[in-house]
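Novice: Mind having a look at this structure? Questions to follow.
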Protein chains: 2
Amino acid sequence: MAHLSFRVDLATGGRLGPGKRRLLQLIDDLGSISAAGRSMGMSYRRAWLLVEEVNGAFREPLVEKMPGGSGGGGAVLTSAGRDVLAWLADIEAKAEAAAAVSLKRLDALAAERPKSATAHD
Amino acid sequence: MAHLSFRVDLATGGRLGPGKRRLLQLIDDLGSISAAGRSMGMSYRRAWLLVEEVNGAFREPLVEKMPGGSGGGGAVLTSAGRDVLAWLADIEAKAEAAAAVSLKRLDALAAERPKSATAHD
């Protein structure tokens, strides 16, 4: 069935979309910013900058970097980070349930073999 | 308040996000693919390809091109095109209402001055 992929535009201007959400989830799963970035095909620098950005977008950091170790130390989600992931999961579930009738209508009108997508959404 | 921006991933693989939705809305408002594309800072070719793509993603075309005229003729939304815009508006309204509690929680945790966003979401 049709699926909603969404980004949250916060009232403050911060943005939280599928990329940051996945990075937070992977940091929670893997305990490491570099490993999480690697699974998304992202450089360590890029993953680090995204973590700085999500940490800066909230009153409390979502990711806590752990010191030391030859690999540069690990990282864990704070309780605020876990809250944010839970709220995003709640948004996804509730939004899809609420939109189900119109999503079904879109699927019913969809061609069986759509032309291939361009880079644009 | 926080706002959801969303893309629909159809069961068939077609994608319908904010860019195509806005293009359809502008074609409806302006009666022209080139004028609609221009208001989005898009080349005529780009706008035309996106129209071909949305038309190909559904069993019936959403945009009908009108022949002739020195400017290349106009374009109008078909009734299927208007249905799709109405369903997208319904999805937006219902999804935001259903997600309101978690969106408020995200806003409450948001920093007053987030660091500037990168290109990544």
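Here, A, B, ... name the chains of the structure tokens in the order displayed, residue numbers run from 1 inside each chain, and ligands are numbered from 1 in the same displayed order.
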Distance cut-off 8 Å, counting only C-alpha atoms - which residues of chain A neighbour chain B? Return them as a PyMOL selection string.
Specialist: chain A and resi 1-20+50+53+56-60+84+87-88+90-92+94-96+98-99+102-103+105-107+109-118+120-121
Novice: Report as a list in words: the residues of segment 46-88 of chain A with a DSSP assignment of alpha helix (DSSP H), based on the backbone of this structure.
Specialist: Arg46, Ala47, Trp48, Leu49, Leu50, Val51, Glu52, Glu53, Val54, Asn55, Gly56, Ala57, Ser79, Ala80, Gly81, Arg82, Asp83, Val84, Leu85, Ala86, Trp87 and Leu88 of chain A
Novice: Tell me which protein, DNA and RNA residues are within 12 Å of Leu30 of chain B, counting only C-alpha atoms, leaving out same-chain ones fewer than 6 positions away, and put them as a ChimeraX atom specification.
Specialist: /B:22-24,36-39,74-77
